[in-house]
Every structure is written in structure tokens, then in C-alpha cells.
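**Q** Dropping in protein14.txt, with compact mmCIF, C-alpha atoms.
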```
# COMPACT_ATOMS: atom_id res chain seq x y z
CA MET G 746 30.54 -40.31 -14.85
CA THR G 747 29.73 -38.60 -18.11
CA GLU G 748 31.62 -35.45 -18.90
CA TYR G 749 29.64 -32.57 -20.33
CA LEU G 750 31.03 -29.58 -22.19
CA ALA G 751 33.55 -27.68 -20.04
CA PRO G 752 31.38 -24.58 -19.36
CA LEU G 753 28.45 -26.87 -18.52
CA GLU G 754 30.60 -28.97 -16.17
CA LYS G 755 31.71 -25.80 -14.38
CA LEU G 756 28.10 -24.73 -13.92
CA ILE G 757 27.15 -28.22 -12.66
CA GLU G 758 29.98 -28.03 -10.11
CA GLN G 759 28.66 -24.67 -8.89
CA PHE G 760 25.16 -26.05 -8.41
CA ARG G 761 26.54 -29.08 -6.58
CA LYS G 762 27.94 -26.77 -3.91
CA LEU G 763 24.41 -25.70 -2.96
CA PRO G 764 22.92 -27.52 0.05
CA GLY G 765 21.03 -30.69 -0.78
CA VAL G 766 21.99 -30.75 -4.46
CA GLY G 767 23.51 -33.96 -5.85
CA ARG G 768 25.03 -34.59 -9.27
CA LYS G 769 21.75 -35.43 -11.05
CA SER G 770 19.89 -32.40 -9.70
CA ALA G 771 22.86 -30.18 -10.55
CA VAL G 772 22.82 -31.47 -14.16
CA ARG G 773 19.10 -30.73 -14.45
CA MET G 774 19.59 -27.25 -13.01
CA ALA G 775 22.51 -26.48 -15.34
CA PHE G 776 20.48 -27.55 -18.39
CA SER G 777 17.58 -25.39 -17.21
CA ILE G 778 19.94 -22.41 -17.15
CA LEU G 779 20.83 -23.05 -20.80
CA ASP G 780 17.12 -22.92 -21.62
CA LEU G 781 16.75 -19.49 -20.01
CA SER G 782 16.62 -16.33 -22.10
CA ASP G 783 19.63 -14.04 -21.79
CA GLU G 784 17.57 -11.62 -19.69
CA ALA G 785 16.40 -14.36 -17.33
CA ALA G 786 19.98 -15.60 -16.85
CA GLU G 787 21.12 -12.08 -16.08
CA GLY G 788 18.19 -11.69 -13.69
CA PHE G 789 19.47 -14.76 -11.88
CA THR G 790 23.06 -13.58 -11.63
CA SER G 791 22.10 -10.07 -10.57
CA ALA G 792 19.82 -11.51 -7.86
CA ILE G 793 22.85 -13.35 -6.49
CA LEU G 794 25.13 -10.31 -6.63
CA ASP G 795 22.45 -7.93 -5.30
CA ALA G 796 21.75 -10.18 -2.33
CA LYS G 797 25.47 -10.38 -1.57
CA ARG G 798 25.95 -6.63 -2.00
CA GLN G 799 22.82 -5.29 -0.30
CA ILE G 800 22.53 -7.60 2.68
CA CYS G 801 24.85 -6.91 5.60
CA ASN G 802 24.76 -7.75 9.29
CA CYS G 803 22.98 -5.53 11.81
CA GLU G 804 25.57 -3.67 13.89
CA ILE G 805 23.76 -4.48 17.10
CA CYS G 806 22.47 -8.05 16.78
CA HIS G 807 24.23 -9.38 13.63
CA ASN G 808 20.90 -10.30 12.06
CA LEU G 809 20.74 -10.00 8.26
CA SER G 810 19.77 -6.47 7.29
CA VAL G 811 19.76 -4.03 4.40
CA ASP G 812 20.43 -1.12 6.77
CA SER G 813 23.18 -0.86 9.37
CA ILE G 814 20.57 -1.46 12.09
CA CYS G 815 18.00 -4.22 11.43
CA PRO G 816 14.23 -3.51 11.64
CA ILE G 817 13.93 -5.53 14.85
CA CYS G 818 16.64 -3.59 16.73
CA ALA G 819 15.24 -0.33 15.33
CA ASP G 820 11.69 -1.13 16.53
CA SER G 821 11.07 0.91 19.68
CA THR G 822 7.95 -1.12 20.56
CA ARG G 823 10.11 -4.17 21.21
CA ASN G 824 11.59 -5.01 24.57
CA GLN G 825 15.28 -4.16 24.17
CA SER G 826 16.11 -5.57 27.60
CA LEU G 827 15.14 -9.14 26.63
CA ILE G 828 17.65 -10.76 24.28
CA CYS G 829 17.16 -14.11 22.58
CA VAL G 830 20.52 -15.61 21.55
CA VAL G 831 20.37 -17.70 18.38
CA GLU G 832 22.90 -19.56 16.23
CA ASP G 833 22.02 -17.95 12.93
CA ALA G 834 19.66 -15.51 11.22
CA LYS G 835 17.42 -18.36 10.03
CA ALA G 836 16.45 -19.07 13.64
CA ILE G 837 15.18 -15.50 13.98
CA MET G 838 12.69 -16.17 11.19
CA ALA G 839 11.36 -19.16 13.12
CA PHE G 840 10.81 -17.02 16.23
CA GLU G 841 9.27 -14.16 14.27
CA LYS G 842 6.73 -16.54 12.76
CA VAL G 843 5.33 -17.31 16.22
CA ARG G 844 4.89 -13.61 17.00
CA GLY G 845 4.88 -14.49 20.71
CA PHE G 846 8.32 -13.05 21.34
CA ARG G 847 8.59 -9.25 21.58
CA GLY G 848 12.20 -8.95 22.70
CA VAL G 849 15.27 -8.61 20.46
CA TYR G 850 17.89 -11.07 19.20
CA HIS G 851 21.58 -11.72 19.13
CA VAL G 852 23.04 -13.87 16.34
CA LEU G 853 26.15 -15.81 17.36
CA GLY G 854 27.09 -16.87 13.84
CA GLY G 855 27.52 -20.52 14.79
CA VAL G 856 28.27 -22.66 17.84
CA ILE G 857 31.49 -23.50 19.66
CA SER G 858 33.04 -26.51 17.93
CA PRO G 859 36.82 -26.75 18.41
CA ILE G 860 36.96 -29.82 16.13
CA ASN G 861 35.74 -27.60 13.27
CA GLY G 862 38.02 -24.76 14.31
CA VAL G 863 35.20 -22.68 15.79
CA THR G 864 36.53 -21.28 19.05
CA PRO G 865 34.50 -18.80 21.17
CA ASP G 866 36.42 -15.81 19.76
CA LYS G 867 35.11 -16.64 16.25
CA LEU G 868 31.53 -16.10 17.43
CA ALA G 869 29.77 -12.91 18.50
CA ILE G 870 30.04 -13.90 22.17
CA ASN G 871 32.23 -11.07 23.47
CA ASP G 872 29.93 -8.75 21.62
CA LEU G 873 26.96 -10.20 23.49
CA VAL G 874 28.64 -9.83 26.87
CA LYS G 875 29.47 -6.21 26.07
CA ARG G 876 25.92 -5.58 24.89
CA VAL G 877 24.46 -7.07 28.07
CA GLU G 878 26.82 -5.13 30.33
CA GLU G 879 26.47 -1.77 28.60
CA ASN G 880 22.70 -1.85 28.24
CA ASN G 881 20.19 -2.50 30.94
CA VAL G 882 19.44 -6.09 29.86
CA GLU G 883 17.11 -7.97 32.18
CA GLU G 884 17.09 -11.43 30.65
CA VAL G 885 19.01 -13.42 28.08
CA ILE G 886 17.26 -16.48 26.62
CA ILE G 887 19.76 -18.85 25.04
CA ALA G 888 18.12 -20.55 22.07
CA THR G 889 20.93 -22.58 20.54
CA ASN G 890 19.97 -25.94 19.05
CA PRO G 891 19.80 -28.95 21.41
CA THR G 892 22.99 -30.50 20.01
CA VAL G 893 26.23 -31.18 21.88
CA GLU G 894 27.79 -28.01 20.42
CA GLY G 895 24.64 -25.98 21.09
CA GLU G 896 24.60 -27.12 24.72
CA THR G 897 28.30 -26.37 25.18
CA THR G 898 27.84 -22.91 23.73
CA ALA G 899 24.82 -22.27 25.97
CA THR G 900 26.73 -23.30 29.10
CA TYR G 901 29.76 -21.23 28.06
CA ILE G 902 27.67 -18.10 27.53
CA SER G 903 25.66 -18.55 30.74
CA LYS G 904 28.89 -18.73 32.75
CA LEU G 905 30.24 -15.57 31.09
CA LEU G 906 27.02 -13.69 31.78
CA LYS G 907 26.80 -14.71 35.43
CA ARG G 908 28.91 -11.80 36.65
CA SER G 909 26.66 -9.28 34.89
CA GLY G 910 23.79 -10.27 37.18
CA THR G 911 21.40 -10.73 34.25
CA THR G 912 18.91 -13.61 34.33
CA VAL G 913 20.04 -16.25 31.80
CA SER G 914 17.49 -18.82 30.68
CA ARG G 915 17.31 -21.69 28.21
CA LEU G 916 14.43 -22.76 25.95
CA ALA G 917 12.31 -25.55 27.46
CA TYR G 918 12.98 -29.09 26.28
CA GLY G 919 10.28 -31.68 26.13
CA ILE G 920 7.79 -33.59 24.05
CA PRO G 921 6.92 -31.55 20.94
CA VAL G 922 3.27 -30.53 20.74
CA GLY G 923 1.39 -33.13 18.70
CA GLY G 924 4.19 -35.65 19.35
CA ASP G 925 3.57 -39.09 20.74
CA ILE G 926 5.18 -40.00 24.07
CA GLU G 927 5.47 -43.59 22.90
CA TYR G 928 7.85 -42.52 20.13
CA ALA G 929 9.82 -39.86 22.04
CA ASP G 930 13.52 -40.70 22.37
CA GLU G 931 14.93 -41.32 25.85
CA VAL G 932 16.90 -38.09 26.11
CA THR G 933 13.88 -35.96 25.19
CA LEU G 934 11.63 -37.86 27.61
CA ASN G 935 14.21 -37.48 30.35
CA ARG G 936 14.38 -33.73 29.72
CA ALA G 937 10.58 -33.56 29.75
CA ILE G 938 10.53 -35.20 33.18
CA GLU G 939 13.30 -32.94 34.51
CA GLY G 940 11.49 -29.88 33.21
CA ARG G 941 8.04 -30.85 34.51
CA ARG G 942 5.86 -28.03 35.84
CA SER G 943 3.23 -28.14 38.54
CA PHE G 944 -0.34 -27.20 37.66
CA GLU G 945 -1.03 -23.72 38.91
CA MET H 1059 4.57 -17.51 4.38
CA THR H 1060 7.39 -15.63 6.03
CA GLU H 1061 8.81 -12.73 4.13
CA TYR H 1062 12.55 -12.35 4.09
CA LEU H 1063 14.49 -9.21 3.20
CA ALA H 1064 13.66 -8.04 -0.32
CA PRO H 1065 17.00 -8.97 -1.96
CA LEU H 1066 16.85 -12.37 -0.26
CA GLU H 1067 13.25 -12.92 -1.40
CA LYS H 1068 14.30 -12.14 -4.98
CA LEU H 1069 17.11 -14.66 -4.78
CA ILE H 1070 14.76 -17.27 -3.29
CA GLU H 1071 12.35 -16.70 -6.20
CA GLN H 1072 15.19 -17.24 -8.67
CA PHE H 1073 16.16 -20.54 -7.06
CA ARG H 1074 12.51 -21.66 -7.03
CA LYS H 1075 12.49 -21.46 -10.81
CA LEU H 1076 15.08 -24.24 -11.00
CA PRO H 1077 13.68 -27.73 -11.63
CA GLY H 1078 12.80 -29.69 -8.49
CA VAL H 1079 13.37 -26.79 -6.08
CA GLY H 1080 10.58 -25.94 -3.63
CA ARG H 1081 10.32 -23.00 -1.26
CA LYS H 1082 12.26 -24.59 1.60
CA SER H 1083 15.15 -25.73 -0.58
CA ALA H 1084 15.24 -22.32 -2.25
CA VAL H 1085 15.49 -20.61 1.15
CA ARG H 1086 18.38 -22.88 2.15
CA MET H 1087 20.14 -22.21 -1.16
CA ALA H 1088 19.70 -18.45 -0.87
CA PHE H 1089 21.13 -18.46 2.66
CA SER H 1090 24.07 -20.55 1.47
CA ILE H 1091 24.80 -17.87 -1.16
CA LEU H 1092 24.98 -15.24 1.61
CA ASP H 1093 27.59 -17.40 3.36
CA LEU H 1094 29.78 -17.50 0.23
CA SER H 1095 32.83 -15.28 -0.08
CA ASP H 1096 32.57 -12.51 -2.66
CA GLU H 1097 34.91 -14.44 -4.98
CA ALA H 1098 32.85 -17.62 -4.67
CA ALA H 1099 29.63 -15.74 -5.44
CA GLU H 1100 31.24 -14.20 -8.50
CA GLY H 1101 32.52 -17.62 -9.52
CA PHE H 1102 28.92 -18.81 -9.43
CA THR H 1103 27.53 -15.95 -11.49
CA SER H 1104 30.31 -16.09 -14.06
CA ALA H 1105 29.76 -19.86 -14.43
CA ILE H 1106 26.13 -19.09 -15.31
CA LEU H 1107 27.00 -16.33 -17.77
CA ASP H 1108 29.93 -18.28 -19.30
CA ALA H 1109 27.76 -21.32 -19.90
CA LYS H 1110 25.10 -19.15 -21.56
CA ARG H 1111 27.68 -17.27 -23.64
CA GLN H 1112 29.99 -20.10 -24.68
CA ILE H 1113 27.52 -22.88 -25.38
CA CYS H 1114 25.68 -22.71 -28.69
CA ASN H 1115 23.93 -25.25 -30.88
CA CYS H 1116 25.80 -27.30 -33.47
CA GLU H 1117 24.92 -26.03 -36.96
CA ILE H 1118 24.40 -29.56 -38.27
CA CYS H 1119 22.68 -31.52 -35.49
CA HIS H 1120 21.66 -28.78 -32.96
CA ASN H 1121 23.52 -30.58 -30.16
CA LEU H 1122 25.03 -28.33 -27.49
CA SER H 1123 28.51 -27.26 -28.55
CA VAL H 1124 31.22 -24.71 -27.86
CA ASP H 1125 32.18 -24.68 -31.56
CA SER H 1126 29.88 -24.13 -34.51
CA ILE H 1127 30.13 -27.86 -35.32
CA CYS H 1128 29.89 -30.26 -32.36
CA PRO H 1129 32.61 -32.89 -31.70
CA ILE H 1130 30.29 -35.72 -32.77
CA CYS H 1131 29.47 -34.20 -36.18
CA ALA H 1132 33.15 -33.27 -36.63
CA ASP H 1133 34.30 -36.84 -35.87
CA SER H 1134 35.18 -38.49 -39.21
CA THR H 1135 35.28 -41.99 -37.63
CA ARG H 1136 31.54 -41.82 -36.98
CA ASN H 1137 28.99 -43.05 -39.46
CA GLN H 1138 27.50 -39.84 -40.88
CA SER H 1139 24.87 -41.76 -42.82
CA LEU H 1140 23.18 -43.09 -39.68
CA ILE H 1141 21.22 -40.41 -37.83
CA CYS H 1142 19.62 -40.88 -34.42
CA VAL H 1143 16.82 -38.34 -33.88
CA VAL H 1144 16.40 -37.25 -30.23
CA GLU H 1145 14.19 -34.75 -28.39
CA ASP H 1146 16.97 -32.87 -26.62
CA ALA H 1147 20.72 -32.73 -26.04
CA LYS H 1148 20.38 -34.61 -22.74
CA ALA H 1149 19.28 -37.72 -24.63
CA ILE H 1150 22.55 -37.63 -26.61
CA MET H 1151 24.47 -37.99 -23.35
CA ALA H 1152 22.46 -41.13 -22.55
CA PHE H 1153 23.35 -42.66 -25.94
CA GLU H 1154 27.00 -41.65 -25.70
CA LYS H 1155 27.28 -43.39 -22.33
CA VAL H 1156 26.43 -46.75 -23.97
CA ARG H 1157 29.14 -46.28 -26.60
CA GLY H 1158 27.35 -48.83 -28.79
CA PHE H 1159 26.12 -46.21 -31.24
CA ARG H 1160 28.65 -44.89 -33.76
CA GLY H 1161 26.34 -42.80 -35.93
CA VAL H 1162 25.45 -39.14 -35.51
CA TYR H 1163 22.49 -37.30 -33.98
CA HIS H 1164 19.79 -34.79 -34.74
CA VAL H 1165 18.23 -32.80 -31.89
CA LEU H 1166 14.59 -31.81 -32.50
CA GLY H 1167 14.39 -29.37 -29.61
CA GLY H 1168 11.16 -30.88 -28.28
CA VAL H 1169 8.16 -32.88 -29.48
CA ILE H 1170 5.03 -31.93 -31.39
CA SER H 1171 2.44 -30.80 -28.84
CA PRO H 1172 -0.16 -28.40 -30.29
CA ILE H 1173 -1.76 -28.00 -26.84
CA ASN H 1174 1.50 -26.41 -25.64
CA GLY H 1175 1.88 -24.41 -28.84
CA VAL H 1176 4.62 -26.64 -30.24
CA THR H 1177 3.81 -27.14 -33.91
CA PRO H 1178 6.17 -29.05 -36.28
CA ASP H 1179 7.62 -25.79 -37.64
CA LYS H 1180 8.93 -24.91 -34.17
CA LEU H 1181 11.11 -28.05 -34.16
CA ALA H 1182 14.17 -28.89 -36.25
CA ILE H 1183 12.11 -31.24 -38.47
CA ASN H 1184 12.44 -29.45 -41.82
CA ASP H 1185 16.12 -29.22 -41.06
CA LEU H 1186 16.24 -32.99 -40.60
CA VAL H 1187 14.42 -33.67 -43.86
CA LYS H 1188 16.82 -31.36 -45.71
CA ARG H 1189 19.79 -33.01 -44.04
CA VAL H 1190 18.58 -36.48 -45.02
CA GLU H 1191 17.83 -35.47 -48.61
CA GLU H 1192 21.05 -33.54 -49.21
CA ASN H 1193 23.39 -36.08 -47.68
CA ASN H 1194 23.58 -39.75 -48.45
CA VAL H 1195 21.76 -40.85 -45.29
CA GLU H 1196 21.06 -44.59 -45.12
CA GLU H 1197 19.04 -44.85 -41.93
CA VAL H 1198 17.24 -42.60 -39.48
CA ILE H 1199 16.55 -44.02 -36.02
CA ILE H 1200 13.80 -42.08 -34.27
CA ALA H 1201 14.50 -42.07 -30.53
CA THR H 1202 11.80 -39.79 -29.14
CA ASN H 1203 10.42 -40.76 -25.72
CA PRO H 1204 7.57 -43.33 -25.61
CA THR H 1205 4.97 -40.69 -24.73
CA VAL H 1206 1.90 -39.69 -26.75
CA GLU H 1207 3.72 -36.61 -28.07
CA GLY H 1208 6.90 -38.59 -28.73
CA GLU H 1209 4.93 -41.18 -30.70
CA THR H 1210 3.10 -38.52 -32.71
CA THR H 1211 6.37 -36.80 -33.54
CA ALA H 1212 7.95 -40.12 -34.58
CA THR H 1213 5.04 -40.95 -36.88
CA TYR H 1214 5.06 -37.44 -38.38
CA ILE H 1215 8.77 -37.59 -39.15
CA SER H 1216 8.64 -41.11 -40.57
CA LYS H 1217 5.92 -40.03 -43.02
CA LEU H 1218 7.93 -36.99 -44.12
CA LEU H 1219 11.04 -39.09 -44.65
CA LYS H 1220 9.28 -41.80 -46.66
CA ARG H 1221 9.72 -40.00 -50.00
CA SER H 1222 13.49 -39.72 -49.47
CA GLY H 1223 13.76 -43.51 -49.61
CA THR H 1224 15.80 -43.65 -46.39
CA THR H 1225 15.18 -46.47 -43.93
CA VAL H 1226 13.37 -45.06 -40.90
CA SER H 1227 13.41 -47.11 -37.69
CA ARG H 1228 12.22 -46.72 -34.12
CA LEU H 1229 13.89 -47.84 -30.88
CA ALA H 1230 12.65 -51.22 -29.63
CA TYR H 1231 10.03 -51.24 -26.89
CA GLY H 1232 9.82 -53.98 -24.33
CA ILE H 1233 10.61 -55.19 -20.85
CA PRO H 1234 13.59 -53.24 -19.48
CA VAL H 1235 16.63 -55.40 -18.71
CA GLY H 1236 16.51 -56.40 -15.06
CA GLY H 1237 12.79 -55.62 -14.97
CA ASP H 1238 10.21 -58.08 -13.73
CA ILE H 1239 7.52 -59.26 -16.17
CA GLU H 1240 5.08 -59.54 -13.28
CA TYR H 1241 5.28 -55.79 -12.72
CA ALA H 1242 5.42 -54.65 -16.35
CA ASP H 1243 2.45 -52.48 -17.35
CA GLU H 1244 0.06 -53.79 -20.00
CA VAL H 1245 1.13 -51.43 -22.77
CA THR H 1246 4.80 -52.31 -22.33
CA LEU H 1247 4.04 -56.03 -22.22
CA ASN H 1248 1.89 -55.73 -25.33
CA ARG H 1249 4.73 -53.94 -27.14
CA ALA H 1250 7.16 -56.62 -25.96
CA ILE H 1251 4.95 -59.33 -27.50
CA GLU H 1252 4.50 -57.39 -30.75
CA GLY H 1253 8.24 -56.84 -30.99
CA ARG H 1254 9.24 -60.43 -30.20
CA ARG H 1255 12.21 -61.84 -32.09
CA SER H 1256 12.91 -65.44 -33.11
CA PHE H 1257 16.02 -67.14 -31.78
CA GLU H 1258 18.66 -67.24 -34.47
```
Please render this file's structure as C-alpha cells.

**A**
Amino acid sequence: MTEYLAPLEKLIEQFRKLPGVGRKSAVRMAFSILDLSDEAAEGFTSAILDAKRQICNCEICHNLSVDSICPICADSTRNQSLICVVEDAKAIMAFEKVRGFRGVYHVLGGVISPINGVTPDKLAINDLVKRVEENNVEEVIIATNPTVEGETTATYISKLLKRSGTTVSRLAYGIPVGGDIEYADEVTLNRAIEGRRSFE
Amino acid sequence: MTEYLAPLEKLIEQFRKLPGVGRKSAVRMAFSILDLSDEAAEGFTSAILDAKRQICNCEICHNLSVDSICPICADSTRNQSLICVVEDAKAIMAFEKVRGFRGVYHVLGGVISPINGVTPDKLAINDLVKRVEENNVEEVIIATNPTVEGETTATYISKLLKRSGTTVSRLAYGIPVGGDIEYADEVTLNRAIEGRRSFE
């Protein structure tokens, strides 16, 4: 591996930490920074610091927000008694794109994964239980990813919420729209059969 | 297109300006910045500013350097009368990896491309001519890329250097080592025939 000048190497190392960036991309990015004007470089660094400084977590749902309460929780036209539980704030964006969901969210901040040191107390689970119990919540939709950890987390939360008497549901699994049954994996196909619905 | 929070959108836009980064990658990168600790985020920004501040161009060859004279120009064991002319500092790294070249370099800072507003006076060409005339330079190897602009620049420089009496050469063109003749494009194959060498 070629060694660049020390300040350049440091910058390359920083870029390598970004998701999906390998050594070659990091080198290209670092060189592009050197080509920037001083103002442009400062624009870049202040964008990083501003984002870190200005963005906090909503006090109610832990979504990313510039205010203490996020726009979704503050929106009185939304159904505050329907909570969709997601792993991270990125998932909220996916739901908001569809515009079909008019409830509110709750961001866990990850999934239970003891092997990675993520125990239930490290997630916003107790917070969710408290929120459900203190407010008149009718339904909680658990929308963790269909991974082993996501499933475990969903089961864990559903058990905790049982005593509150709230309806707890899970997103439907099945063949994705536009997908081909021929190429669906066995687990997905099995879930699609289990979750079949009668024509009404 | 989904709109994120304003400070996040600004950060995404900054990442999009990096080479090879599309919208989706930029979003992932921006979110990863939010997950950084405050110290890590400051480490990132100071790496950017340090690189910009500490790295300048070598006064002799315009290579990237932390000192006013780069380590290659300052190295007395290198042949100062053999200059390899390259488009940018990245090309120097490619030559240094081979370790076969013991001369010095001259970075043009681009190639002549009037359509992009790059006229010869915007490049370090006059500088090169002066350097060749003032020092006892024996040979100049022009190593611009084999593009139309690179070729034009090479021809332009070779004409300028003619009156100095220095030998001006060009990198050899031909089939890349490990390449397959069957798949070589016509221009490359033609150059390989033109540049053929007799067995010694």
C-alpha cells in the first residue's frame, strides 16, 4: 500500500470510516478535498458540525429532530394512538414516503443483539412501554426488519406490551409486489402461505 | 425525492459533491456522521481542515508537499536532470509505486482543453520550460494520459522544449502486460505495431 503525505493519509482514514467506502474511493475523495477552495472545505466541515449540533432526538419518539418534539409528534392531525415501532430514523423516512400511514412512530435505536452487546435496556423499549401505558394507545405496529434480531426484538416487545391490553401487530410478510414467486426464497414463500388472506 | 431535516439535507449535499457518491450513498454517509461521537465528528472535520492547511505545492515540481520543497525534489540521490511530466500529483504516486524511475517530476495541474477553459497559461508549462532551460536537464519524459487532451498537451510541450535542445520522450504505448491481443482496441494495437522493437 502506498503511503501518502501524513495529513492526506489521516483524511483518507476518515473517509474510509464512512459506510461503503474502500481505500481507493477514500483516496479519490481525499484528493477532491484538496482541490476544493478554502470556503468550500469550510462549508463541508461546518455542514458536518451543524448537523451534529442542530439535530437531536425527539423527546417523545426519538426520531431525528431540530426541535425537542419532532414535526410528526407535534402534528395534531396524526393519530397519536397508533404507534409504529421502527429500528432507526431512516425507517421512518421509508414509511413517510408511502404517505399511507397517519399514526406516529417510536424509534428503538437498534435491535436486541446480545452478541453485539445490545441488551434491551440499551434500546428505547422501556420508554415505549411507558408511552403506551401512560397514553391511550390503541395499537402498536412493530416494524423491525425481518432478521433474527428484528424478530427477537419484536417478540420481546409484544410480550412486554401484552399486559397493557394494547393491540400489538407485525408488518405482513410475503412476496414483494412485482416479485416473482419462482424466485422467492423458501422462508418468504412459507410466510406468504402462513399469512394468506381470504378474498372478501 | 424525500426531504430530510435541513441540516441533514445540507450534509447530504456536501457528500454528493465527492467523486463517485450518489444520493443514496450520501444519505447513508450523512446518517453515519450523526451516529459519530462529538470527538469523532471533530476528528473528521479537523482532518479535512488540516489536510487543506498543511498540504501545499512543491515550489519546484508542484507535487503535493508539507514543506516548500517536496521530498522527491529534495532527494539528492535522484537524477535531477531527468524530469517526468505528469498531469496531477496522483500520477506521481503511480510512478513511485514502480520504483523503477529515479528522476524527478513536474506536475502540470491538468491538460490543455480550451473547451473547458484550460489554456496553456493555466498550466505549469512556462514553469517547466524555465526549469528545463535554467537547469542542466538532459531528458523530459512526457507522461500525460493517452487522451486527446493529453496528446495535445504532450505535442505542445515537446514543441516548446525543442529549442532548449533537451531530449523529449513520450511513454510507450502498446498492449498492457497481461492483456489479450484479441481484445485490444484498434488504436492501441496500431500503436503497438508502430512502437515495435527489434530483439537485441

**Q** My list of candidates is H:Ala1147, H:Ile1215, H:Leu1166, H:Ile1118. Which is closest to H:Asn1193 when distances are computed with all atoms listed in the file?

**A**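 Looking at the shortest contact to H:Asn1193, the residue is H:Ile1118.
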
**Q** Please identify every residue of chain G that has at least one atom no more than 9 Å from any atom of chain H, counting all atoms listed in the file, and report them as a PyMOL selection string.

**A** chain G and resi 746-757+759-760+763-765+770+773-783+786-800+809-811+835+838-839+841-842

**Q** Quote the spacing between atom CA of H:Thr1225 and atom CA of H:Glu1191 in Å to one decimal place.

**A** 12.2 Å

**Q** What is the distance between atom CA of G:Ala917 and atom CA of G:Tyr901, in Å to one decimal?

**A**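 Pair atom CA of G:Ala917 / atom CA of G:Tyr901 returns 18.0 Å.
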
**Q** Need to verify the contact set: G:Tyr850, 8 Å, all atoms listed in the file, exclusion of same-chain residues closer than 2 positions in sequence. Can you return it as a list in words?

**A** Cys806, Asn808, Cys818, Ile828, Cys829, Val830, Val831, Ile837, Gly848 and Val852 of chain G

**Q** With C-alpha atoms retained, could you export that selection as a PDB file, in the coordinates of the input?

**A**
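Done, and the output landed in again-v4.pdb:
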```
ATOM      1  CA  CYS G 806      22.470  -8.050  16.780  1.00  0.00           C
ATOM      2  CA  ASN G 808      20.900 -10.300  12.060  1.00  0.00           C
ATOM      3  CA  CYS G 818      16.640  -3.590  16.730  1.00  0.00           C
ATOM      4  CA  ILE G 828      17.650 -10.760  24.280  1.00  0.00           C
ATOM      5  CA  CYS G 829      17.160 -14.110  22.580  1.00  0.00           C
ATOM      6  CA  VAL G 830      20.520 -15.610  21.550  1.00  0.00           C
ATOM      7  CA  VAL G 831      20.370 -17.700  18.380  1.00  0.00           C
ATOM      8  CA  ILE G 837      15.180 -15.500  13.980  1.00  0.00           C
ATOM      9  CA  GLY G 848      12.200  -8.950  22.700  1.00  0.00           C
ATOM     10  CA  VAL G 852      23.040 -13.870  16.340  1.00  0.00           C
TER      11      VAL G 852
END
```

**Q** To one decimal place in Å, what is the distance between atom CA of G:Arg915 and atom CA of G:Gly940?

**A**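 Distance reported for this atom pair: 11.2 Å.
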
**Q** Excluding H:Thr1177 and residues on its chain fewer than 2 positions from it, collect all residues at most 12 Å away from it, counting only C-alpha atoms, and give them as a PyMOL selection string.

**A** chain H and resi 1166-1175+1179-1184+1207+1210-1211+1214
